[in-house]
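Participant: First, the structure itself, so that you have it in front of you.
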Amino acid sequence: MIVGLIIILLLVLFLPFTKLVEKNLEIFLFIMGVASVLVSQVLDWPLIKEALVHPINITIAVLIAGLLFRWFKGPIDKGTLSISKAMPYRVFIALFVIILGLISSIITAIVAAIILASIVAILRLDRKSEIRLVILACFAIGLGAALTPIGEPLSTITVGKLNEDFFYLLRLVGSSVIPFVVLFGIAAAFAVKVPGEYDGSGSADDSEAESYSEIVIRSAKIYLFVMALTFLGAGFEPFIEKYLLGLSPLILYWINILSAILDNATLAAAEISPAMDGSTIRAILMGLMISGGMLIPGNIPNIIAAGKLKITSLEYAKFAVPVGLVAMVGYFIIMLFTF
């Protein structure tokens, strides 16, 4: 079993960078997810039911948001551009990322990601700036959404498992998360070119709205993507429970870099225990949240934004992996002095 899961893990990590898999990423991940649950021998009807039901709400949210942005494209475009011109452009970018990251804990990471993708398309940035802005904002959303149990599945599972109140995570990781969200916002402000430097290579076309078929196809891809991650998480859960639990929090922090390709909610469910102290839980959560932004499969916001803006796995990883590693090292140094 272990050998099979390691092979699947390596395939999921490296094959998305090839052209063939890149074009069929959702199908590839679905096949790998099914393979993982077969290898682990955990495939049963409850899991199949969960995999079929779990993506529904996310898919509906993506579909409805896509339709709303199509129907109200004119006013949204005009309003966004007016706000961006009413203040220094880099200030606008920083505030956009910071505010979106923080309110994602209330509006959910899914809605925040849809807003991100739609607004970035309106801004008509050059391709490099577009990718950098999306990635830094996805890091911010992945962190900010975890401040309340309604923000994302990771926080929902954690609060439920620990039987804590609504503001538990805000108290536990707020002092760590909020500065990181602000830093990602500031970094985004300096990572993009101002509109006057635009070279016309962005992916969006502000002259035409998305077609209904494009909106439906993207929603279907999101459904398959989330189903694949559900299977992958379930398939690797026995491996996690057998080999990772009981390790030092400082070691788990780095092992949780697996969150870049596996569902971080599954990892949290397997690792976190009510018997742990706050420092240990904080270390586990921060490792999961930061690394979740490093690759497209790592978090729902990455999947939604990259899908809408046609960002490839290689384009995403070239910028996101170094950013994620710097953030991981930075927080690890903080832990060494505070743990």
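Every chain in the structure tokens has a letter given in the order shown (A, B, ...), and although residue numbers restart at 1 in each chain, ligands are simply numbered from 1 in the order shown.
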Write out as a short mmCIF file (atom, residue, chain, number, x, y, z; two decimals) with N, CA, C and O atoms, in the first residue's frame the residues lying within 12 Å of A:Ile76, counting only C-alpha atoms and excluding same-chain residues fewer than 3 positions away.

Facilitator:
```
data_model
loop_
_atom_site.label_atom_id
_atom_site.label_comp_id
_atom_site.auth_asym_id
_atom_site.auth_seq_id
_atom_site.Cartn_x
_atom_site.Cartn_y
_atom_site.Cartn_z
N LEU A 68 -23.69 35.79 -12.65
CA LEU A 68 -23.89 37.16 -12.16
C LEU A 68 -22.86 38.12 -12.75
O LEU A 68 -23.19 39.25 -13.15
N PHE A 69 -21.60 37.67 -12.81
CA PHE A 69 -20.56 38.53 -13.39
C PHE A 69 -20.78 38.72 -14.89
O PHE A 69 -20.37 39.74 -15.44
N ARG A 70 -21.42 37.77 -15.54
CA ARG A 70 -21.74 37.94 -16.96
C ARG A 70 -22.89 38.94 -17.13
O ARG A 70 -22.83 39.86 -17.96
N TRP A 71 -23.95 38.77 -16.34
CA TRP A 71 -25.13 39.62 -16.48
C TRP A 71 -24.87 41.08 -16.07
O TRP A 71 -25.46 41.99 -16.63
N PHE A 72 -24.00 41.25 -15.06
CA PHE A 72 -23.73 42.62 -14.57
C PHE A 72 -22.31 43.07 -14.89
O PHE A 72 -21.71 43.85 -14.16
N LYS A 73 -21.80 42.58 -16.01
CA LYS A 73 -20.41 42.85 -16.37
C LYS A 73 -20.12 44.34 -16.52
O LYS A 73 -19.11 44.84 -16.04
N GLY A 79 -17.32 50.07 -12.18
CA GLY A 79 -17.08 50.35 -10.77
C GLY A 79 -15.67 50.00 -10.35
O GLY A 79 -15.01 50.75 -9.63
N THR A 80 -15.18 48.84 -10.81
CA THR A 80 -13.83 48.41 -10.45
C THR A 80 -12.78 49.37 -10.98
O THR A 80 -11.86 49.77 -10.26
N LEU A 81 -12.92 49.75 -12.24
CA LEU A 81 -11.94 50.66 -12.84
C LEU A 81 -11.99 52.04 -12.21
O LEU A 81 -10.96 52.69 -12.04
N SER A 82 -13.19 52.48 -11.82
CA SER A 82 -13.32 53.79 -11.16
C SER A 82 -12.61 53.80 -9.81
O SER A 82 -11.89 54.75 -9.48
N ILE A 83 -12.80 52.73 -9.06
CA ILE A 83 -12.15 52.64 -7.74
C ILE A 83 -10.63 52.55 -7.90
O ILE A 83 -9.88 53.20 -7.16
N ILE A 115 -14.55 36.31 -6.77
CA ILE A 115 -14.38 37.77 -6.87
C ILE A 115 -12.98 38.10 -7.38
O ILE A 115 -12.80 38.94 -8.26
N SER A 118 -12.59 37.34 -11.13
CA SER A 118 -13.38 38.24 -11.95
C SER A 118 -12.80 39.65 -11.97
O SER A 118 -12.74 40.30 -13.02
N ILE A 119 -12.35 40.14 -10.83
CA ILE A 119 -11.78 41.49 -10.75
C ILE A 119 -10.43 41.54 -11.47
O ILE A 119 -10.12 42.51 -12.17
N VAL A 120 -9.61 40.51 -11.31
CA VAL A 120 -8.32 40.49 -12.00
C VAL A 120 -8.52 40.52 -13.51
O VAL A 120 -7.76 41.18 -14.24
N ALA A 121 -9.54 39.84 -13.99
CA ALA A 121 -9.83 39.86 -15.43
C ALA A 121 -10.18 41.26 -15.91
O ALA A 121 -9.81 41.68 -17.00
N ILE A 122 -10.88 42.01 -15.06
CA ILE A 122 -11.27 43.38 -15.40
C ILE A 122 -10.07 44.31 -15.44
O ILE A 122 -10.01 45.23 -16.27
N LEU A 123 -9.11 44.09 -14.55
CA LEU A 123 -7.97 45.00 -14.43
C LEU A 123 -7.05 45.00 -15.64
O LEU A 123 -6.27 45.94 -15.83
N ASP A 206 -11.77 42.37 -22.05
CA ASP A 206 -12.84 43.16 -21.47
C ASP A 206 -13.86 43.61 -22.51
O ASP A 206 -14.78 44.33 -22.20
N ALA A 209 -18.08 39.34 -22.75
CA ALA A 209 -18.34 38.56 -21.55
C ALA A 209 -18.13 37.09 -21.87
O ALA A 209 -18.15 36.67 -23.02
#
```

Participant: Between atom CA of A:Leu29 and atom CA of A:Phe225, measure the distance and give it in Å to one decimal.

Facilitator: 7.1 Å

Participant: Excluding A:Ser36 and residues on its chain fewer than 5 positions from it, collect all residues at most 7 Å away from it, counting only C-alpha atoms, and give them as number ranges by chain.

Facilitator: A: 5, 8, 232, 235-236

Participant: With N, CA and C atoms retained, write the just-selected residues as a short mmCIF file (atom, residue, chain, number, x, y, z; two decimals), in the first residue's frame.

Facilitator:
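And here is the file that came out, out38.cif:
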```cif
data_model
loop_
_atom_site.label_atom_id
_atom_site.label_comp_id
_atom_site.auth_asym_id
_atom_site.auth_seq_id
_atom_site.Cartn_x
_atom_site.Cartn_y
_atom_site.Cartn_z
N LEU A 5 0.99 4.33 -2.75
CA LEU A 5 0.62 5.71 -2.43
C LEU A 5 1.75 6.68 -2.71
N ILE A 8 1.77 7.30 -6.40
CA ILE A 8 0.68 8.21 -6.75
C ILE A 8 1.02 9.64 -6.35
N LEU A 232 -8.53 11.76 -3.19
CA LEU A 232 -7.11 11.79 -2.81
C LEU A 232 -6.94 11.89 -1.31
N GLY A 235 -7.85 8.61 0.26
CA GLY A 235 -6.88 7.57 -0.06
C GLY A 235 -5.61 7.68 0.76
N PHE A 236 -5.19 8.90 1.07
CA PHE A 236 -3.94 9.09 1.81
C PHE A 236 -4.14 9.14 3.33
#
```

Participant: Closest to A:Ile215 among A:Ile93, A:Ala270, A:Leu11, A:Ile304, using only C-alpha atoms?

Facilitator: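 The closest residue to A:Ile215 is A:Ile304.
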
Participant: With a distance cut-off of 12 Å and only C-alpha atoms, select the neighbouring residues of stretch 15-28 of chain A, excluding the residue or stretch itself and same-chain residues fewer than 5 positions from it, and output the selection as an mmCIF file with all heavy atoms, in the first residue's frame.

Facilitator:
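Listed below is the output, out_34.cif:
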```cif
data_model
loop_
_atom_site.group_PDB
_atom_site.id
_atom_site.type_symbol
_atom_site.label_atom_id
_atom_site.label_comp_id
_atom_site.auth_asym_id
_atom_site.auth_seq_id
_atom_site.Cartn_x
_atom_site.Cartn_y
_atom_site.Cartn_z
ATOM 1 N N ILE A 7 4.025 6.320 -5.020
ATOM 2 C CA ILE A 7 4.068 6.480 -6.488
ATOM 3 C C ILE A 7 2.991 7.453 -6.943
ATOM 4 O O ILE A 7 3.242 8.354 -7.765
ATOM 5 C CB ILE A 7 3.886 5.109 -7.172
ATOM 6 C CG1 ILE A 7 5.106 4.224 -6.921
ATOM 7 C CG2 ILE A 7 3.672 5.299 -8.678
ATOM 8 C CD1 ILE A 7 4.945 2.798 -7.420
ATOM 9 N N ILE A 8 1.774 7.301 -6.396
ATOM 10 C CA ILE A 8 0.683 8.208 -6.751
ATOM 11 C C ILE A 8 1.016 9.642 -6.353
ATOM 12 O O ILE A 8 0.786 10.589 -7.115
ATOM 13 C CB ILE A 8 -0.631 7.759 -6.076
ATOM 14 C CG1 ILE A 8 -1.105 6.433 -6.680
ATOM 15 C CG2 ILE A 8 -1.714 8.828 -6.217
ATOM 16 C CD1 ILE A 8 -2.262 5.800 -5.939
ATOM 17 N N LEU A 9 1.598 9.803 -5.173
ATOM 18 C CA LEU A 9 1.982 11.134 -4.695
ATOM 19 C C LEU A 9 2.976 11.794 -5.638
ATOM 20 O O LEU A 9 2.847 12.978 -5.986
ATOM 21 C CB LEU A 9 2.585 11.024 -3.291
ATOM 22 C CG LEU A 9 2.933 12.336 -2.592
ATOM 23 C CD1 LEU A 9 1.675 13.143 -2.308
ATOM 24 C CD2 LEU A 9 3.697 12.065 -1.301
ATOM 25 N N LEU A 10 3.962 11.039 -6.087
ATOM 26 C CA LEU A 10 4.975 11.573 -7.003
ATOM 27 C C LEU A 10 4.357 11.914 -8.359
ATOM 28 O O LEU A 10 4.711 12.927 -8.977
ATOM 29 C CB LEU A 10 6.110 10.563 -7.176
ATOM 30 C CG LEU A 10 6.970 10.315 -5.930
ATOM 31 C CD1 LEU A 10 7.967 9.191 -6.177
ATOM 32 C CD2 LEU A 10 7.709 11.595 -5.524
ATOM 33 N N GLY A 33 -7.031 10.057 -7.800
ATOM 34 C CA GLY A 33 -7.837 9.948 -6.587
ATOM 35 C C GLY A 33 -8.470 8.576 -6.457
ATOM 36 O O GLY A 33 -8.433 7.958 -5.385
ATOM 37 N N VAL A 34 -9.050 8.094 -7.546
ATOM 38 C CA VAL A 34 -9.648 6.753 -7.536
ATOM 39 C C VAL A 34 -8.575 5.698 -7.272
ATOM 40 O O VAL A 34 -8.785 4.753 -6.499
ATOM 41 C CB VAL A 34 -10.364 6.475 -8.870
ATOM 42 C CG1 VAL A 34 -10.822 5.020 -8.933
ATOM 43 C CG2 VAL A 34 -11.547 7.413 -9.048
ATOM 44 N N ALA A 35 -7.404 5.870 -7.893
ATOM 45 C CA ALA A 35 -6.302 4.921 -7.680
ATOM 46 C C ALA A 35 -5.882 4.897 -6.215
ATOM 47 O O ALA A 35 -5.614 3.827 -5.649
ATOM 48 C CB ALA A 35 -5.114 5.293 -8.572
ATOM 49 N N ILE A 217 -18.862 24.891 -18.457
ATOM 50 C CA ILE A 217 -17.713 23.977 -18.538
ATOM 51 C C ILE A 217 -16.774 24.191 -17.361
ATOM 52 O O ILE A 217 -16.282 23.225 -16.758
ATOM 53 C CB ILE A 217 -16.968 24.165 -19.871
ATOM 54 C CG1 ILE A 217 -17.821 23.627 -21.029
ATOM 55 C CG2 ILE A 217 -15.614 23.451 -19.842
ATOM 56 C CD1 ILE A 217 -17.272 23.941 -22.403
ATOM 57 N N ARG A 218 -16.508 25.459 -17.014
ATOM 58 C CA ARG A 218 -15.628 25.719 -15.879
ATOM 59 C C ARG A 218 -16.224 25.172 -14.585
ATOM 60 O O ARG A 218 -15.525 24.598 -13.744
ATOM 61 C CB ARG A 218 -15.367 27.222 -15.739
ATOM 62 C CG ARG A 218 -14.353 27.531 -14.621
ATOM 63 C CD ARG A 218 -13.994 28.999 -14.499
ATOM 64 N NE ARG A 218 -15.119 29.798 -14.058
ATOM 65 C CZ ARG A 218 -15.745 30.678 -14.795
ATOM 66 N NH1 ARG A 218 -15.377 30.859 -16.053
ATOM 67 N NH2 ARG A 218 -16.751 31.384 -14.317
ATOM 68 N N SER A 219 -17.534 25.328 -14.408
ATOM 69 C CA SER A 219 -18.205 24.808 -13.212
ATOM 70 C C SER A 219 -18.089 23.288 -13.148
ATOM 71 O O SER A 219 -17.861 22.706 -12.075
ATOM 72 C CB SER A 219 -19.674 25.232 -13.211
ATOM 73 O OG SER A 219 -19.785 26.639 -13.227
ATOM 74 N N ALA A 220 -18.241 22.629 -14.302
ATOM 75 C CA ALA A 220 -18.128 21.167 -14.350
ATOM 76 C C ALA A 220 -16.711 20.720 -14.000
ATOM 77 O O ALA A 220 -16.517 19.714 -13.303
ATOM 78 C CB ALA A 220 -18.517 20.658 -15.734
ATOM 79 N N LYS A 221 -15.734 21.464 -14.467
ATOM 80 C CA LYS A 221 -14.338 21.136 -14.147
ATOM 81 C C LYS A 221 -14.074 21.280 -12.647
ATOM 82 O O LYS A 221 -13.354 20.474 -12.052
ATOM 83 C CB LYS A 221 -13.391 22.031 -14.946
ATOM 84 C CG LYS A 221 -13.292 21.672 -16.427
ATOM 85 C CD LYS A 221 -12.275 22.551 -17.139
ATOM 86 C CE LYS A 221 -12.103 22.127 -18.590
ATOM 87 N NZ LYS A 221 -11.096 22.972 -19.288
ATOM 88 N N ILE A 222 -14.642 22.325 -12.036
ATOM 89 C CA ILE A 222 -14.493 22.519 -10.596
ATOM 90 C C ILE A 222 -15.107 21.339 -9.841
ATOM 91 O O ILE A 222 -14.540 20.827 -8.865
ATOM 92 C CB ILE A 222 -15.165 23.834 -10.150
ATOM 93 C CG1 ILE A 222 -14.414 25.046 -10.717
ATOM 94 C CG2 ILE A 222 -15.224 23.916 -8.620
ATOM 95 C CD1 ILE A 222 -13.016 25.222 -10.206
ATOM 96 N N TYR A 223 -16.268 20.871 -10.320
ATOM 97 C CA TYR A 223 -16.926 19.718 -9.684
ATOM 98 C C TYR A 223 -16.006 18.503 -9.714
ATOM 99 O O TYR A 223 -15.795 17.842 -8.685
ATOM 100 C CB TYR A 223 -18.233 19.410 -10.411
ATOM 101 C CG TYR A 223 -18.999 18.237 -9.813
ATOM 102 C CD1 TYR A 223 -19.964 18.448 -8.835
ATOM 103 C CD2 TYR A 223 -18.745 16.927 -10.217
ATOM 104 C CE1 TYR A 223 -20.656 17.386 -8.281
ATOM 105 C CE2 TYR A 223 -19.419 15.858 -9.660
ATOM 106 C CZ TYR A 223 -20.374 16.098 -8.699
ATOM 107 O OH TYR A 223 -21.054 15.037 -8.128
ATOM 108 N N LEU A 224 -15.431 18.209 -10.874
ATOM 109 C CA LEU A 224 -14.556 17.047 -11.011
ATOM 110 C C LEU A 224 -13.285 17.220 -10.186
ATOM 111 O O LEU A 224 -12.789 16.266 -9.582
ATOM 112 C CB LEU A 224 -14.200 16.837 -12.485
ATOM 113 C CG LEU A 224 -13.475 15.527 -12.842
ATOM 114 C CD1 LEU A 224 -14.306 14.329 -12.434
ATOM 115 C CD2 LEU A 224 -13.148 15.485 -14.330
ATOM 116 N N PHE A 225 -12.770 18.460 -10.132
ATOM 117 C CA PHE A 225 -11.557 18.755 -9.374
ATOM 118 C C PHE A 225 -11.777 18.467 -7.885
ATOM 119 O O PHE A 225 -10.961 17.802 -7.223
ATOM 120 C CB PHE A 225 -11.193 20.234 -9.565
ATOM 121 C CG PHE A 225 -9.717 20.478 -9.699
ATOM 122 C CD1 PHE A 225 -9.232 21.345 -10.667
ATOM 123 C CD2 PHE A 225 -8.806 19.878 -8.853
ATOM 124 C CE1 PHE A 225 -7.884 21.592 -10.804
ATOM 125 C CE2 PHE A 225 -7.450 20.116 -8.978
ATOM 126 C CZ PHE A 225 -6.985 20.974 -9.951
ATOM 127 N N VAL A 226 -12.874 18.973 -7.337
ATOM 128 C CA VAL A 226 -13.160 18.785 -5.911
ATOM 129 C C VAL A 226 -13.427 17.319 -5.601
ATOM 130 O O VAL A 226 -13.011 16.798 -4.559
ATOM 131 C CB VAL A 226 -14.350 19.669 -5.476
ATOM 132 C CG1 VAL A 226 -14.711 19.416 -4.014
ATOM 133 C CG2 VAL A 226 -14.019 21.143 -5.689
ATOM 134 N N MET A 227 -14.100 16.627 -6.498
ATOM 135 C CA MET A 227 -14.329 15.189 -6.325
ATOM 136 C C MET A 227 -12.992 14.445 -6.279
ATOM 137 O O MET A 227 -12.788 13.557 -5.436
ATOM 138 C CB MET A 227 -15.192 14.649 -7.460
ATOM 139 C CG MET A 227 -15.491 13.158 -7.335
ATOM 140 S SD MET A 227 -16.355 12.482 -8.780
ATOM 141 C CE MET A 227 -17.963 13.214 -8.544
ATOM 142 N N ALA A 228 -12.076 14.838 -7.160
ATOM 143 C CA ALA A 228 -10.755 14.202 -7.194
ATOM 144 C C ALA A 228 -10.005 14.426 -5.881
ATOM 145 O O ALA A 228 -9.394 13.494 -5.335
ATOM 146 C CB ALA A 228 -9.947 14.759 -8.364
ATOM 147 N N LEU A 229 -10.070 15.658 -5.362
ATOM 148 C CA LEU A 229 -9.378 15.955 -4.099
ATOM 149 C C LEU A 229 -10.000 15.194 -2.933
ATOM 150 O O LEU A 229 -9.301 14.800 -1.995
ATOM 151 C CB LEU A 229 -9.413 17.460 -3.825
ATOM 152 C CG LEU A 229 -8.618 18.346 -4.787
ATOM 153 C CD1 LEU A 229 -8.736 19.816 -4.380
ATOM 154 C CD2 LEU A 229 -7.152 17.934 -4.833
ATOM 155 N N LEU A 232 -8.533 11.762 -3.189
ATOM 156 C CA LEU A 232 -7.114 11.792 -2.815
ATOM 157 C C LEU A 232 -6.940 11.895 -1.308
ATOM 158 O O LEU A 232 -6.112 11.205 -0.708
ATOM 159 C CB LEU A 232 -6.409 12.969 -3.500
ATOM 160 C CG LEU A 232 -5.972 12.770 -4.950
ATOM 161 C CD1 LEU A 232 -5.517 14.087 -5.560
ATOM 162 C CD2 LEU A 232 -4.845 11.734 -5.039
ATOM 163 N N ILE A 261 -0.666 19.666 -2.453
ATOM 164 C CA ILE A 261 -1.313 18.791 -3.442
ATOM 165 C C ILE A 261 -2.450 17.960 -2.849
ATOM 166 O O ILE A 261 -3.219 17.354 -3.593
ATOM 167 C CB ILE A 261 -0.300 17.829 -4.108
ATOM 168 C CG1 ILE A 261 0.462 17.023 -3.047
ATOM 169 C CG2 ILE A 261 0.649 18.574 -5.001
ATOM 170 C CD1 ILE A 261 1.379 15.978 -3.639
ATOM 171 N N LEU A 295 0.708 25.212 -4.884
ATOM 172 C CA LEU A 295 0.375 24.568 -6.152
ATOM 173 C C LEU A 295 -1.130 24.670 -6.372
ATOM 174 O O LEU A 295 -1.899 24.801 -5.407
ATOM 175 C CB LEU A 295 0.814 23.101 -6.171
ATOM 176 C CG LEU A 295 2.323 22.822 -6.108
ATOM 177 C CD1 LEU A 295 2.575 21.323 -5.966
ATOM 178 C CD2 LEU A 295 3.033 23.365 -7.346
ATOM 179 N N ILE A 296 -1.568 24.562 -7.606
ATOM 180 C CA ILE A 296 -2.986 24.749 -7.921
ATOM 181 C C ILE A 296 -3.901 23.804 -7.141
ATOM 182 O O ILE A 296 -4.928 24.237 -6.603
ATOM 183 C CB ILE A 296 -3.230 24.607 -9.442
ATOM 184 C CG1 ILE A 296 -2.626 25.817 -10.177
ATOM 185 C CG2 ILE A 296 -4.724 24.515 -9.749
ATOM 186 C CD1 ILE A 296 -2.735 25.740 -11.683
ATOM 187 N N PRO A 297 -3.588 22.491 -7.012
ATOM 188 C CA PRO A 297 -4.510 21.604 -6.286
ATOM 189 C C PRO A 297 -4.549 21.855 -4.781
ATOM 190 O O PRO A 297 -5.373 21.258 -4.091
ATOM 191 C CB PRO A 297 -3.943 20.199 -6.569
ATOM 192 C CG PRO A 297 -3.052 20.357 -7.742
ATOM 193 C CD PRO A 297 -2.490 21.734 -7.640
ATOM 194 N N ILE A 303 -7.609 26.775 -7.435
ATOM 195 C CA ILE A 303 -8.270 26.034 -8.514
ATOM 196 C C ILE A 303 -9.225 26.945 -9.284
ATOM 197 O O ILE A 303 -9.228 26.975 -10.517
ATOM 198 C CB ILE A 303 -9.030 24.822 -7.939
ATOM 199 C CG1 ILE A 303 -8.061 23.850 -7.258
ATOM 200 C CG2 ILE A 303 -9.820 24.111 -9.026
ATOM 201 C CD1 ILE A 303 -8.754 22.796 -6.413
ATOM 202 N N ALA A 306 -7.151 29.974 -11.059
ATOM 203 C CA ALA A 306 -6.316 29.479 -12.156
ATOM 204 C C ALA A 306 -7.167 28.969 -13.311
ATOM 205 O O ALA A 306 -6.825 29.151 -14.481
ATOM 206 C CB ALA A 306 -5.393 28.368 -11.650
ATOM 207 N N GLY A 307 -8.290 28.339 -12.978
ATOM 208 C CA GLY A 307 -9.173 27.835 -14.026
ATOM 209 C C GLY A 307 -9.784 28.950 -14.846
ATOM 210 O O GLY A 307 -9.803 28.883 -16.083
ATOM 211 N N LYS A 310 -6.998 30.755 -16.834
ATOM 212 C CA LYS A 310 -6.187 29.853 -17.664
ATOM 213 C C LYS A 310 -4.710 29.897 -17.300
ATOM 214 O O LYS A 310 -3.827 29.977 -18.153
ATOM 215 C CB LYS A 310 -6.384 30.184 -19.151
ATOM 216 C CG LYS A 310 -7.823 29.994 -19.629
ATOM 217 C CD LYS A 310 -7.968 30.359 -21.101
ATOM 218 C CE LYS A 310 -9.370 30.022 -21.602
ATOM 219 N NZ LYS A 310 -10.438 30.775 -20.890
ATOM 220 N N ILE A 311 -4.455 29.849 -16.006
ATOM 221 C CA ILE A 311 -3.077 29.807 -15.502
ATOM 222 C C ILE A 311 -2.649 28.345 -15.424
ATOM 223 O O ILE A 311 -3.313 27.530 -14.776
ATOM 224 C CB ILE A 311 -2.965 30.463 -14.118
ATOM 225 C CG1 ILE A 311 -3.383 31.939 -14.193
ATOM 226 C CG2 ILE A 311 -1.550 30.346 -13.559
ATOM 227 C CD1 ILE A 311 -3.467 32.627 -12.850
ATOM 228 N N THR A 312 -1.555 27.982 -16.062
ATOM 229 C CA THR A 312 -1.103 26.590 -16.072
ATOM 230 C C THR A 312 -0.403 26.234 -14.760
ATOM 231 O O THR A 312 0.001 27.117 -13.994
ATOM 232 C CB THR A 312 -0.133 26.335 -17.233
ATOM 233 O OG1 THR A 312 1.088 27.054 -16.992
ATOM 234 C CG2 THR A 312 -0.732 26.778 -18.558
ATOM 235 N N SER A 313 -0.253 24.949 -14.517
ATOM 236 C CA SER A 313 0.424 24.482 -13.305
ATOM 237 C C SER A 313 1.850 25.006 -13.230
ATOM 238 O O SER A 313 2.333 25.390 -12.158
ATOM 239 C CB SER A 313 0.433 22.951 -13.265
ATOM 240 O OG SER A 313 -0.867 22.444 -13.149
ATOM 241 N N LEU A 314 2.545 25.010 -14.364
ATOM 242 C CA LEU A 314 3.930 25.482 -14.385
ATOM 243 C C LEU A 314 3.999 26.980 -14.124
ATOM 244 O O LEU A 314 4.853 27.441 -13.350
ATOM 245 C CB LEU A 314 4.577 25.147 -15.725
ATOM 246 C CG LEU A 314 6.075 25.458 -15.840
ATOM 247 C CD1 LEU A 314 6.859 24.721 -14.766
ATOM 248 C CD2 LEU A 314 6.593 25.093 -17.229
ATOM 249 N N GLU A 315 3.123 27.751 -14.757
ATOM 250 C CA GLU A 315 3.089 29.195 -14.526
ATOM 251 C C GLU A 315 2.828 29.487 -13.053
ATOM 252 O O GLU A 315 3.462 30.370 -12.458
ATOM 253 C CB GLU A 315 1.996 29.848 -15.376
ATOM 254 C CG GLU A 315 2.319 29.968 -16.847
ATOM 255 C CD GLU A 315 1.175 30.565 -17.629
ATOM 256 O OE1 GLU A 315 0.006 30.180 -17.380
ATOM 257 O OE2 GLU A 315 1.435 31.414 -18.501
ATOM 258 N N TYR A 316 1.906 28.753 -12.488
ATOM 259 C CA TYR A 316 1.553 28.959 -11.078
ATOM 260 C C TYR A 316 2.725 28.604 -10.162
ATOM 261 O O TYR A 316 3.105 29.376 -9.286
ATOM 262 C CB TYR A 316 0.323 28.119 -10.728
ATOM 263 C CG TYR A 316 -0.299 28.477 -9.402
ATOM 264 C CD1 TYR A 316 -1.401 29.323 -9.342
ATOM 265 C CD2 TYR A 316 0.215 27.983 -8.213
ATOM 266 C CE1 TYR A 316 -1.980 29.656 -8.127
ATOM 267 C CE2 TYR A 316 -0.343 28.316 -6.991
ATOM 268 C CZ TYR A 316 -1.449 29.152 -6.956
ATOM 269 O OH TYR A 316 -1.994 29.491 -5.737
ATOM 270 N N ALA A 317 3.304 27.433 -10.389
ATOM 271 C CA ALA A 317 4.350 26.936 -9.496
ATOM 272 C C ALA A 317 5.619 27.773 -9.549
ATOM 273 O O ALA A 317 6.311 27.930 -8.526
ATOM 274 C CB ALA A 317 4.676 25.485 -9.833
ATOM 275 N N LYS A 318 5.963 28.322 -10.702
ATOM 276 C CA LYS A 318 7.199 29.092 -10.836
ATOM 277 C C LYS A 318 7.262 30.248 -9.852
ATOM 278 O O LYS A 318 8.328 30.591 -9.346
ATOM 279 C CB LYS A 318 7.327 29.631 -12.267
ATOM 280 C CG LYS A 318 7.845 28.623 -13.272
ATOM 281 C CD LYS A 318 8.005 29.272 -14.643
ATOM 282 C CE LYS A 318 8.595 28.299 -15.649
ATOM 283 N NZ LYS A 318 8.719 28.905 -17.001
#
```

Participant: Using only C-alpha atoms, can you tell me which of A:Leu336, A:Leu262, A:Ala117, A:Leu52 comes closest to A:Leu309?

Facilitator: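 Selected residue with least distance to A:Leu309: A:Ala117.
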
Participant: Would you return as an MDAnalysis selection string the members of stretch 6-191 of chain A that DSSP assigns to alpha helix (DSSP H) on this structure's backbone?

Facilitator: chainID A and resid 6:14 19:23 25:40 45:71 73:85 89:107 109:123 127:144 153:162 168:191

Participant: Tell me which protein, DNA and RNA residues are within 12 Å of A:Pro153, counting only C-alpha atoms, leaving out same-chain ones fewer than 6 positions away, and put them as a list in words.

Facilitator: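 Once the adjacent positions are removed, what remains is His54, Pro55, Ile58, Ser105, Thr108, Ala109, Ile110, Gly142, Ala145, Ala146, Leu147, Val159, Gly160, Lys161, Thr230, Asp263, Asn264, Ala265, Thr266, Leu267, Ala268, Ala269, Met289, Asn299 and Ile300 of chain A.
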
Participant: Take the residues that were just selected and, keeping C-alpha atoms, output them as a tab-separated table (two decimals), in the first residue's frame.

Facilitator:
```
chain	number	residue	atom	x	y	z
A	54	HIS	CA	-19.17	17.45	-1.50
A	55	PRO	CA	-18.49	19.41	-4.73
A	58	ILE	CA	-18.84	24.78	-4.52
A	105	SER	CA	-13.46	34.33	6.59
A	108	THR	CA	-16.02	32.04	2.35
A	109	ALA	CA	-12.87	31.27	0.38
A	110	ILE	CA	-14.96	30.13	-2.60
A	142	GLY	CA	-6.19	30.63	2.10
A	145	ALA	CA	-10.52	32.18	5.39
A	146	ALA	CA	-9.32	30.05	8.30
A	147	LEU	CA	-10.12	32.73	10.88
A	159	VAL	CA	-13.41	23.97	15.27
A	160	GLY	CA	-15.81	21.04	15.16
A	161	LYS	CA	-13.19	18.49	16.15
A	230	THR	CA	-11.98	14.20	-1.93
A	263	ASP	CA	-6.82	18.52	0.73
A	264	ASN	CA	-5.73	20.45	3.83
A	265	ALA	CA	-9.05	19.76	5.54
A	266	THR	CA	-8.34	16.01	5.39
A	267	LEU	CA	-4.86	16.55	6.80
A	268	ALA	CA	-6.25	18.69	9.62
A	269	ALA	CA	-8.89	16.10	10.45
A	289	MET	CA	-2.53	27.09	5.30
A	299	ASN	CA	-6.63	25.01	-2.22
A	300	ILE	CA	-10.01	25.80	-3.76
```

Participant: Point out the residue among A:Ile131, A:Val323, A:Ile56, A:Leu102 with the least atom-to-atom distance to A:Lys308, counting only C-alpha atoms.

Facilitator: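 Nearest to A:Lys308: A:Ile131.
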
Participant: Compile the contact shell of A:Leu162 as an MDAnalysis selection string: residues with an atom at most 12 Å away, counting only C-alpha atoms, same-chain residues fewer than 6 positions apart removed.

Facilitator: chainID A and resid 149 155:156 168:169 268:269 271:278 281

Participant: Between atom CA of A:Pro238 and atom CA of A:Val39, measure the distance and give it in Å to one decimal.

Facilitator: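 Those two atoms sit 10.5 Å apart.
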
Participant: Go ahead and compute the interatomic distance for atom CA of A:Met335 and atom CA of A:Ser104, in Å to one decimal.

Facilitator: 25.4 Å
